[in-house]
file structure.cif (mmCIF, N, CA, C and O atoms)
data_final
loop_
_atom_site.label_atom_id
_atom_site.label_comp_id
_atom_site.auth_asym_id
_atom_site.auth_seq_id
_atom_site.Cartn_x
_atom_site.Cartn_y
_atom_site.Cartn_z
N MET U 1 33.71 12.19 50.56
CA MET U 1 33.20 12.14 51.91
C MET U 1 33.47 10.75 52.48
O MET U 1 33.25 9.75 51.81
N ALA U 2 33.92 10.70 53.71
CA ALA U 2 34.23 9.42 54.36
C ALA U 2 32.96 8.60 54.57
O ALA U 2 31.89 9.14 54.82
N GLN U 3 33.11 7.28 54.46
CA GLN U 3 31.97 6.39 54.61
C GLN U 3 31.35 6.53 56.00
O GLN U 3 30.13 6.49 56.16
N SER U 4 32.18 6.74 57.02
CA SER U 4 31.64 6.89 58.37
C SER U 4 30.81 8.17 58.49
O SER U 4 29.82 8.21 59.24
N THR U 5 31.16 9.20 57.76
CA THR U 5 30.38 10.44 57.76
C THR U 5 29.01 10.20 57.14
O THR U 5 27.99 10.66 57.67
N CYS U 6 28.98 9.45 56.04
CA CYS U 6 27.70 9.10 55.41
C CYS U 6 26.84 8.28 56.37
O CYS U 6 25.64 8.52 56.50
N ALA U 7 27.45 7.35 57.07
CA ALA U 7 26.72 6.52 58.03
C ALA U 7 26.15 7.39 59.15
O ALA U 7 25.00 7.21 59.56
N ASP U 8 26.94 8.35 59.64
CA ASP U 8 26.45 9.26 60.67
C ASP U 8 25.26 10.07 60.17
O ASP U 8 24.28 10.27 60.90
N LYS U 9 25.34 10.58 58.94
CA LYS U 9 24.23 11.35 58.36
C LYS U 9 22.97 10.48 58.29
O LYS U 9 21.89 10.93 58.67
N ILE U 10 23.11 9.27 57.79
CA ILE U 10 21.96 8.35 57.67
C ILE U 10 21.36 8.09 59.04
O ILE U 10 20.14 8.13 59.22
N ASN U 11 22.20 7.81 60.02
CA ASN U 11 21.71 7.50 61.36
C ASN U 11 21.10 8.71 62.06
O ASN U 11 20.01 8.62 62.64
N GLU U 12 21.78 9.86 62.01
CA GLU U 12 21.34 11.02 62.78
C GLU U 12 20.28 11.85 62.06
O GLU U 12 19.24 12.17 62.65
N GLN U 13 20.51 12.23 60.82
CA GLN U 13 19.53 13.04 60.09
C GLN U 13 18.51 12.21 59.34
O GLN U 13 17.58 12.75 58.77
N GLY U 14 18.67 10.89 59.39
CA GLY U 14 17.71 10.00 58.75
C GLY U 14 16.89 9.24 59.76
O GLY U 14 15.79 9.63 60.13
N LEU U 15 17.46 8.14 60.25
CA LEU U 15 16.74 7.26 61.17
C LEU U 15 16.28 7.97 62.44
O LEU U 15 15.10 7.89 62.81
N GLU U 16 17.18 8.66 63.12
CA GLU U 16 16.81 9.33 64.36
C GLU U 16 15.81 10.46 64.11
O GLU U 16 14.90 10.68 64.90
N TYR U 17 15.98 11.16 63.00
CA TYR U 17 15.04 12.24 62.65
C TYR U 17 13.63 11.69 62.50
O TYR U 17 12.67 12.26 63.03
N ILE U 18 13.50 10.58 61.80
CA ILE U 18 12.18 9.96 61.62
C ILE U 18 11.65 9.45 62.96
O ILE U 18 10.52 9.73 63.35
N TYR U 19 12.49 8.72 63.69
CA TYR U 19 12.07 8.08 64.93
C TYR U 19 11.63 9.08 65.99
O TYR U 19 10.61 8.90 66.66
N TYR U 20 12.41 10.16 66.17
CA TYR U 20 12.12 11.12 67.22
C TYR U 20 11.14 12.22 66.81
O TYR U 20 10.83 13.11 67.61
N ASN U 21 10.64 12.17 65.61
CA ASN U 21 9.63 13.12 65.13
C ASN U 21 8.40 12.38 64.63
O ASN U 21 7.91 12.62 63.53
N GLN U 22 7.89 11.50 65.46
CA GLN U 22 6.74 10.67 65.08
C GLN U 22 5.51 11.49 64.71
O GLN U 22 4.69 11.04 63.93
N GLN U 23 5.39 12.70 65.25
CA GLN U 23 4.24 13.54 64.89
C GLN U 23 4.27 13.88 63.39
O GLN U 23 3.23 14.11 62.79
N LEU U 24 5.46 13.88 62.78
CA LEU U 24 5.59 14.17 61.35
C LEU U 24 5.58 12.90 60.49
O LEU U 24 5.22 12.96 59.32
N PHE U 25 6.01 11.78 61.08
CA PHE U 25 6.26 10.57 60.29
C PHE U 25 5.51 9.34 60.81
O PHE U 25 5.94 8.22 60.62
N LYS U 26 4.37 9.55 61.46
CA LYS U 26 3.64 8.45 62.10
C LYS U 26 3.39 7.25 61.17
O LYS U 26 3.58 6.12 61.60
N PRO U 27 3.00 7.43 59.91
CA PRO U 27 2.72 6.26 59.06
C PRO U 27 3.96 5.47 58.63
O PRO U 27 3.85 4.33 58.21
N ILE U 28 5.15 6.07 58.73
CA ILE U 28 6.35 5.41 58.22
C ILE U 28 6.73 4.23 59.09
O ILE U 28 6.76 4.32 60.32
N GLU U 29 7.01 3.12 58.43
CA GLU U 29 7.50 1.92 59.09
C GLU U 29 8.95 1.73 58.68
O GLU U 29 9.24 1.43 57.51
N LEU U 30 9.88 1.93 59.62
CA LEU U 30 11.30 1.76 59.33
C LEU U 30 11.59 0.27 59.18
O LEU U 30 11.20 -0.53 60.02
N LEU U 31 12.26 -0.10 58.10
CA LEU U 31 12.56 -1.52 57.83
C LEU U 31 14.03 -1.85 58.01
O LEU U 31 14.37 -2.88 58.58
N ALA U 32 14.92 -0.99 57.50
CA ALA U 32 16.36 -1.31 57.57
C ALA U 32 17.20 -0.08 57.28
O ALA U 32 16.74 0.88 56.67
N GLN U 33 18.43 -0.14 57.74
CA GLN U 33 19.46 0.83 57.38
C GLN U 33 20.58 -0.01 56.78
O GLN U 33 21.12 -0.90 57.43
N ILE U 34 20.87 0.21 55.50
CA ILE U 34 21.86 -0.58 54.78
C ILE U 34 22.91 0.37 54.22
O ILE U 34 22.62 1.15 53.31
N HIS U 35 24.11 0.32 54.78
CA HIS U 35 25.23 1.16 54.35
C HIS U 35 24.83 2.63 54.31
O HIS U 35 24.78 3.28 55.32
N ASP U 36 24.53 3.14 53.13
CA ASP U 36 24.19 4.56 52.99
C ASP U 36 22.72 4.75 52.59
O ASP U 36 22.38 5.69 51.90
N SER U 37 21.87 3.84 53.04
CA SER U 37 20.45 3.90 52.68
C SER U 37 19.56 3.65 53.88
O SER U 37 19.93 2.94 54.81
N ILE U 38 18.37 4.23 53.82
CA ILE U 38 17.30 3.93 54.77
C ILE U 38 16.19 3.27 53.97
O ILE U 38 15.80 3.78 52.93
N VAL U 39 15.70 2.15 54.47
CA VAL U 39 14.60 1.46 53.81
C VAL U 39 13.39 1.56 54.73
O VAL U 39 13.46 1.19 55.90
N PHE U 40 12.30 2.10 54.20
CA PHE U 40 11.07 2.21 54.97
C PHE U 40 9.89 2.06 54.04
O PHE U 40 10.04 2.08 52.82
N GLN U 41 8.72 1.88 54.64
CA GLN U 41 7.51 1.82 53.83
C GLN U 41 6.46 2.74 54.42
O GLN U 41 6.46 3.02 55.61
N ILE U 42 5.59 3.21 53.52
CA ILE U 42 4.47 4.05 53.90
C ILE U 42 3.23 3.35 53.38
O ILE U 42 3.16 3.04 52.18
N PRO U 43 2.26 3.07 54.23
CA PRO U 43 1.06 2.38 53.76
C PRO U 43 0.38 3.15 52.62
O PRO U 43 0.33 4.38 52.63
N LEU U 44 -0.16 2.41 51.66
CA LEU U 44 -0.85 3.04 50.53
C LEU U 44 -2.10 3.78 50.97
O LEU U 44 -2.57 4.67 50.26
N ALA U 45 -2.63 3.47 52.13
CA ALA U 45 -3.80 4.18 52.65
C ALA U 45 -3.47 5.62 53.02
O ALA U 45 -4.36 6.45 53.14
N THR U 46 -2.18 5.93 53.17
CA THR U 46 -1.74 7.30 53.47
C THR U 46 -1.87 8.12 52.20
O THR U 46 -1.43 7.68 51.13
N ASN U 47 -2.47 9.31 52.29
CA ASN U 47 -2.67 10.09 51.06
C ASN U 47 -1.34 10.52 50.45
O ASN U 47 -0.33 10.63 51.13
N TRP U 48 -1.36 10.76 49.14
CA TRP U 48 -0.13 11.02 48.38
C TRP U 48 0.54 12.32 48.78
O TRP U 48 1.76 12.43 48.72
N GLU U 49 -0.24 13.32 49.21
CA GLU U 49 0.38 14.56 49.67
C GLU U 49 1.23 14.31 50.91
O GLU U 49 2.31 14.88 51.06
N ASP U 50 0.75 13.44 51.81
CA ASP U 50 1.53 13.10 53.00
C ASP U 50 2.78 12.30 52.63
O ASP U 50 3.83 12.48 53.22
N HIS U 51 2.66 11.40 51.64
CA HIS U 51 3.84 10.67 51.14
C HIS U 51 4.89 11.69 50.71
O HIS U 51 6.05 11.60 51.13
N ALA U 52 4.49 12.61 49.85
CA ALA U 52 5.44 13.59 49.31
C ALA U 52 6.02 14.46 50.42
O ALA U 52 7.23 14.71 50.45
N ARG U 53 5.18 14.93 51.34
CA ARG U 53 5.64 15.79 52.43
C ARG U 53 6.70 15.08 53.26
O ARG U 53 7.76 15.64 53.55
N MET U 54 6.44 13.80 53.62
CA MET U 54 7.39 13.06 54.45
C MET U 54 8.70 12.82 53.70
O MET U 54 9.79 12.98 54.27
N LEU U 55 8.62 12.44 52.43
CA LEU U 55 9.84 12.20 51.65
C LEU U 55 10.68 13.48 51.53
O LEU U 55 11.90 13.44 51.66
N LEU U 56 10.01 14.59 51.29
CA LEU U 56 10.75 15.85 51.15
C LEU U 56 11.36 16.30 52.48
O LEU U 56 12.48 16.83 52.49
N LEU U 57 10.67 16.08 53.59
CA LEU U 57 11.25 16.41 54.90
C LEU U 57 12.49 15.58 55.20
O LEU U 57 13.49 16.09 55.70
N ILE U 58 12.43 14.29 54.88
CA ILE U 58 13.58 13.41 55.10
C ILE U 58 14.74 13.84 54.21
O ILE U 58 15.89 13.95 54.66
N LYS U 59 14.45 14.12 52.95
CA LYS U 59 15.49 14.57 52.01
C LYS U 59 16.13 15.86 52.51
O LYS U 59 17.35 16.00 52.52
N GLN U 60 15.30 16.79 52.97
CA GLN U 60 15.82 18.07 53.48
C GLN U 60 16.71 17.84 54.70
O GLN U 60 17.77 18.47 54.82
N SER U 61 16.31 16.96 55.59
CA SER U 61 17.11 16.66 56.78
C SER U 61 18.45 16.06 56.39
O SER U 61 19.49 16.45 56.92
N LEU U 62 18.44 15.11 55.46
CA LEU U 62 19.68 14.46 55.02
C LEU U 62 20.62 15.44 54.31
O LEU U 62 21.83 15.22 54.29
N GLU U 63 20.07 16.48 53.73
CA GLU U 63 20.89 17.45 53.00
C GLU U 63 21.28 18.65 53.87
O GLU U 63 21.72 19.67 53.35
N THR U 64 21.18 18.51 55.19
CA THR U 64 21.67 19.54 56.10
C THR U 64 23.18 19.67 55.89
O THR U 64 23.89 18.66 55.86
N PRO U 65 23.70 20.88 55.73
CA PRO U 65 25.14 21.03 55.45
C PRO U 65 26.03 20.48 56.57
O PRO U 65 25.68 20.54 57.75
N LEU U 66 27.17 19.95 56.16
CA LEU U 66 28.23 19.55 57.07
C LEU U 66 29.28 20.65 57.06
O LEU U 66 29.60 21.19 56.01
N TYR U 67 29.80 20.98 58.23
CA TYR U 67 30.80 22.06 58.31
C TYR U 67 32.12 21.53 58.83
O TYR U 67 32.16 20.72 59.75
N TRP U 68 33.18 22.00 58.19
CA TRP U 68 34.54 21.75 58.66
C TRP U 68 35.27 23.07 58.53
O TRP U 68 35.48 23.55 57.42
N HIS U 69 35.58 23.67 59.66
CA HIS U 69 36.10 25.04 59.72
C HIS U 69 35.11 25.97 59.01
O HIS U 69 33.95 25.99 59.39
N GLU U 70 35.51 26.66 57.97
CA GLU U 70 34.58 27.55 57.26
C GLU U 70 33.96 26.89 56.03
O GLU U 70 33.18 27.52 55.32
N LEU U 71 34.29 25.65 55.77
CA LEU U 71 33.78 24.96 54.59
C LEU U 71 32.48 24.24 54.89
O LEU U 71 32.36 23.56 55.91
N ALA U 72 31.52 24.37 53.98
CA ALA U 72 30.24 23.67 54.11
C ALA U 72 30.10 22.70 52.95
O ALA U 72 30.42 23.03 51.80
N SER U 73 29.64 21.50 53.24
CA SER U 73 29.38 20.50 52.21
C SER U 73 27.96 20.00 52.37
O SER U 73 27.50 19.77 53.48
N ILE U 74 27.29 19.82 51.25
CA ILE U 74 25.95 19.24 51.26
C ILE U 74 26.00 17.94 50.48
O ILE U 74 26.43 17.91 49.33
N LEU U 75 25.60 16.87 51.13
CA LEU U 75 25.50 15.58 50.46
C LEU U 75 24.13 15.47 49.83
O LEU U 75 23.11 15.58 50.52
N GLN U 76 24.08 15.31 48.53
CA GLN U 76 22.81 15.19 47.83
C GLN U 76 22.20 13.82 48.12
O GLN U 76 22.88 12.80 48.06
N SER U 77 20.92 13.81 48.44
CA SER U 77 20.24 12.54 48.69
C SER U 77 19.26 12.26 47.55
O SER U 77 18.80 13.17 46.87
N THR U 78 18.98 11.01 47.35
CA THR U 78 17.98 10.60 46.36
C THR U 78 16.86 9.87 47.09
O THR U 78 17.05 9.38 48.20
N SER U 79 15.71 9.81 46.45
CA SER U 79 14.54 9.19 47.08
C SER U 79 13.84 8.25 46.12
O SER U 79 12.72 8.50 45.69
N PRO U 80 14.49 7.15 45.74
CA PRO U 80 13.79 6.22 44.85
C PRO U 80 12.61 5.59 45.58
O PRO U 80 12.70 5.25 46.75
N SER U 81 11.49 5.48 44.88
CA SER U 81 10.27 4.94 45.47
C SER U 81 9.61 3.96 44.51
O SER U 81 9.72 4.10 43.30
N ALA U 82 8.92 2.99 45.08
CA ALA U 82 8.20 2.00 44.28
C ALA U 82 7.17 1.31 45.16
O ALA U 82 7.14 1.50 46.37
N PHE U 83 6.34 0.49 44.53
CA PHE U 83 5.37 -0.30 45.28
C PHE U 83 5.99 -1.54 45.88
O PHE U 83 5.37 -2.26 46.64
N ASN U 84 7.25 -1.82 45.52
CA ASN U 84 7.98 -2.96 46.08
C ASN U 84 9.47 -2.63 46.05
O ASN U 84 9.85 -1.53 45.70
N MET U 85 10.31 -3.59 46.41
CA MET U 85 11.75 -3.33 46.49
C MET U 85 12.50 -3.60 45.18
O MET U 85 13.71 -3.64 45.16
N CYS U 86 11.78 -3.76 44.09
CA CYS U 86 12.42 -4.03 42.80
C CYS U 86 13.01 -2.72 42.25
O CYS U 86 12.28 -1.81 41.88
N LYS U 87 14.34 -2.65 42.18
CA LYS U 87 15.00 -1.40 41.75
C LYS U 87 14.62 -1.00 40.34
O LYS U 87 14.57 0.18 40.02
N GLU U 88 14.34 -1.96 39.48
CA GLU U 88 13.97 -1.64 38.10
C GLU U 88 12.64 -0.89 38.03
O GLU U 88 12.37 -0.19 37.06
N GLN U 89 11.79 -1.02 39.03
CA GLN U 89 10.48 -0.38 39.03
C GLN U 89 10.47 0.93 39.82
O GLN U 89 9.46 1.62 39.86
N MET U 90 11.59 1.28 40.45
CA MET U 90 11.61 2.48 41.29
C MET U 90 11.66 3.74 40.46
O MET U 90 12.28 3.80 39.40
N LYS U 91 11.00 4.76 40.96
CA LYS U 91 11.04 6.10 40.39
C LYS U 91 11.74 6.99 41.41
O LYS U 91 11.60 6.81 42.61
N GLU U 92 12.45 7.99 40.93
CA GLU U 92 13.22 8.83 41.84
C GLU U 92 12.67 10.25 41.88
O GLU U 92 12.34 10.83 40.85
N PHE U 93 12.55 10.80 43.09
CA PHE U 93 12.15 12.19 43.28
C PHE U 93 13.39 13.04 43.25
O PHE U 93 14.36 12.77 43.94
N GLN U 94 13.37 14.11 42.46
CA GLN U 94 14.54 14.96 42.37
C GLN U 94 14.19 16.43 42.52
O GLN U 94 14.90 17.30 42.08
N LYS U 95 13.10 16.73 43.20
CA LYS U 95 12.69 18.12 43.39
C LYS U 95 13.65 18.82 44.34
O LYS U 95 14.03 18.29 45.36
N GLN U 96 14.02 20.02 43.98
CA GLN U 96 14.84 20.86 44.87
C GLN U 96 13.95 21.41 45.96
O GLN U 96 12.81 21.79 45.73
N ILE U 97 14.47 21.49 47.17
CA ILE U 97 13.72 22.04 48.29
C ILE U 97 14.25 23.42 48.58
O ILE U 97 15.43 23.63 48.78
N ASN U 98 13.36 24.41 48.57
CA ASN U 98 13.74 25.78 48.92
C ASN U 98 13.60 25.95 50.42
O ASN U 98 12.75 25.33 51.05
N SER U 99 14.41 26.78 51.00
CA SER U 99 14.37 26.98 52.45
C SER U 99 13.32 28.00 52.87
O SER U 99 13.32 28.45 53.99
N ASN U 100 12.43 28.39 51.97
CA ASN U 100 11.38 29.36 52.31
C ASN U 100 10.33 28.76 53.18
O ASN U 100 9.80 27.79 53.06
#
call {"tool": "encode", "arguments": {"input": "structure.cif", "output": "C-alpha coordinates"}}
result
Amino acid sequence: MAQSTCADKINEQGLEYIYYNQQLFKPIELLAQIHDSIVFQIPLATNWEDHARMLLLIKQSLETPLYWHELASILQSTSPSAFNMCKEQMKEFQKQINSN
(Lines of atoms letter the chains of each structure in order from A and count residues from 1; the text may use other names and numbers.)
(Lines give C-alpha, C1' and ligand atoms only; values in the text may rest on other atoms or scores of the structure.)
Protein backbone atom coordinates (compact mmCIF):
# COMPACT_ATOMS: atom_id res chain seq x y z
CA MET A 1 0.00 0.00 0.00
CA ALA A 2 1.33 3.44 -0.91
CA GLN A 3 2.47 5.65 1.95
CA SER A 4 0.13 8.43 0.78
CA THR A 5 -2.81 6.01 1.00
CA CYS A 6 -1.89 5.19 4.61
CA ALA A 7 -1.65 8.91 5.38
CA ASP A 8 -5.10 9.47 3.85
CA LYS A 9 -6.56 6.64 5.96
CA ILE A 10 -5.01 8.07 9.15
CA ASN A 11 -6.26 11.56 8.36
CA GLU A 12 -9.75 10.70 7.09
CA GLN A 13 -10.79 7.56 8.99
CA GLY A 14 -8.68 8.44 12.02
CA LEU A 15 -8.23 12.09 12.90
CA GLU A 16 -11.29 13.45 11.09
CA TYR A 17 -13.45 10.57 12.34
CA ILE A 18 -12.54 11.39 15.93
CA TYR A 19 -12.76 15.16 15.48
CA TYR A 20 -16.13 15.23 13.69
CA ASN A 21 -17.75 12.65 16.00
CA GLN A 22 -17.19 14.35 19.33
CA GLN A 23 -20.38 12.80 20.72
CA LEU A 24 -18.54 9.43 20.55
CA PHE A 25 -15.03 10.61 21.45
CA LYS A 26 -15.50 13.58 23.80
CA PRO A 27 -12.81 12.51 26.35
CA ILE A 28 -10.12 11.93 23.68
CA GLU A 29 -7.40 14.54 23.46
CA LEU A 30 -5.67 14.41 20.07
CA LEU A 31 -1.92 14.97 20.49
CA ALA A 32 -0.23 14.22 17.15
CA GLN A 33 -0.34 12.49 13.80
CA ILE A 34 3.05 10.95 13.01
CA HIS A 35 3.47 9.22 9.63
CA ASP A 36 1.10 6.26 9.97
CA SER A 37 0.06 6.80 13.59
CA ILE A 38 -2.40 8.82 15.64
CA VAL A 39 -1.30 9.77 19.14
CA PHE A 40 -4.02 10.66 21.63
CA GLN A 41 -4.78 10.35 25.30
CA ILE A 42 -7.87 9.45 27.27
CA PRO A 43 -8.09 10.68 30.86
CA LEU A 44 -7.89 7.90 33.45
CA ALA A 45 -11.10 9.27 34.98
CA THR A 46 -12.91 7.89 31.90
CA ASN A 47 -14.27 4.42 32.69
CA TRP A 48 -12.53 1.44 31.08
CA GLU A 49 -15.58 0.36 29.08
CA ASP A 50 -15.56 3.77 27.36
CA HIS A 51 -11.80 3.44 26.72
CA ALA A 52 -12.39 0.08 25.02
CA ARG A 53 -15.45 1.30 23.08
CA MET A 54 -13.58 4.32 21.68
CA LEU A 55 -10.48 2.30 20.75
CA LEU A 56 -12.57 -0.32 18.98
CA LEU A 57 -14.57 2.32 17.07
CA ILE A 58 -11.36 3.97 15.87
CA LYS A 59 -9.88 0.60 14.89
CA GLN A 60 -13.07 -0.29 13.00
CA SER A 61 -13.01 3.04 11.15
CA LEU A 62 -9.35 2.63 10.17
CA GLU A 63 -10.07 -0.87 8.86
CA THR A 64 -12.78 0.32 6.45
CA PRO A 65 -12.03 -1.44 3.14
CA LEU A 66 -10.29 0.39 0.31
CA TYR A 67 -11.61 -0.36 -3.18
CA TRP A 68 -9.85 -0.30 -6.51
CA HIS A 69 -12.13 -1.54 -9.29
CA GLU A 70 -13.52 -4.81 -7.87
CA LEU A 71 -10.65 -5.37 -5.44
CA ALA A 72 -11.05 -4.62 -1.74
CA SER A 73 -8.15 -4.22 0.67
CA ILE A 74 -8.30 -3.87 4.43
CA LEU A 75 -5.36 -2.33 6.24
CA GLN A 76 -5.02 -3.93 9.66
CA SER A 77 -4.60 -1.42 12.46
CA THR A 78 -3.05 -1.92 15.87
CA SER A 79 -3.90 -0.14 19.11
CA PRO A 80 -0.93 -0.13 21.46
CA SER A 81 -1.86 1.50 24.77
CA ALA A 82 -0.01 2.48 27.93
CA PHE A 83 -0.05 4.93 30.81
CA ASN A 84 2.75 6.84 29.05
CA MET A 85 4.53 6.98 25.68
CA CYS A 86 7.13 4.33 26.59
CA LYS A 87 6.83 1.68 23.84
CA GLU A 88 8.30 -1.01 26.08
CA GLN A 89 5.33 -0.62 28.46
CA MET A 90 2.61 -0.58 25.79
CA LYS A 91 0.06 -3.35 25.47
CA GLU A 92 -1.71 -4.01 22.20
CA PHE A 93 -5.40 -4.68 21.60
CA GLN A 94 -5.96 -7.30 18.93
CA LYS A 95 -9.66 -8.11 19.23
CA GLN A 96 -11.46 -8.75 15.97
CA ILE A 97 -14.50 -6.55 15.40
CA ASN A 98 -17.60 -8.22 14.00
CA SER A 99 -19.92 -6.15 11.85
CA ASN A 100 -22.99 -7.32 13.81
call {"tool": "residues_around", "arguments": {"input": "structure.cif", "residues": "segment 26-43 of chain U", "least_positions_apart": "5", "cutoff": "12 Å", "atoms": "only C-alpha atoms", "output": "count of residues only"}}
result
42
call {"tool": "resolve_selection", "arguments": {"input": "structure.cif", "expression": "the PyMOL selection byres ((chain U and resi 74) around 6)", "output": "count of residues only"}}
result
8
call {"tool": "atom_distance", "arguments": {"input": "structure.cif", "atom1": "atom CA of Glu49 of chain U", "atom2": "atom C of Ser61 of chain U"}}
result
19.3 Å
call {"tool": "atom_distance", "arguments": {"input": "structure.cif", "atom1": "atom C of Leu24 of chain U", "atom2": "atom CA of Tyr67 of chain U"}}
result
26.9 Å
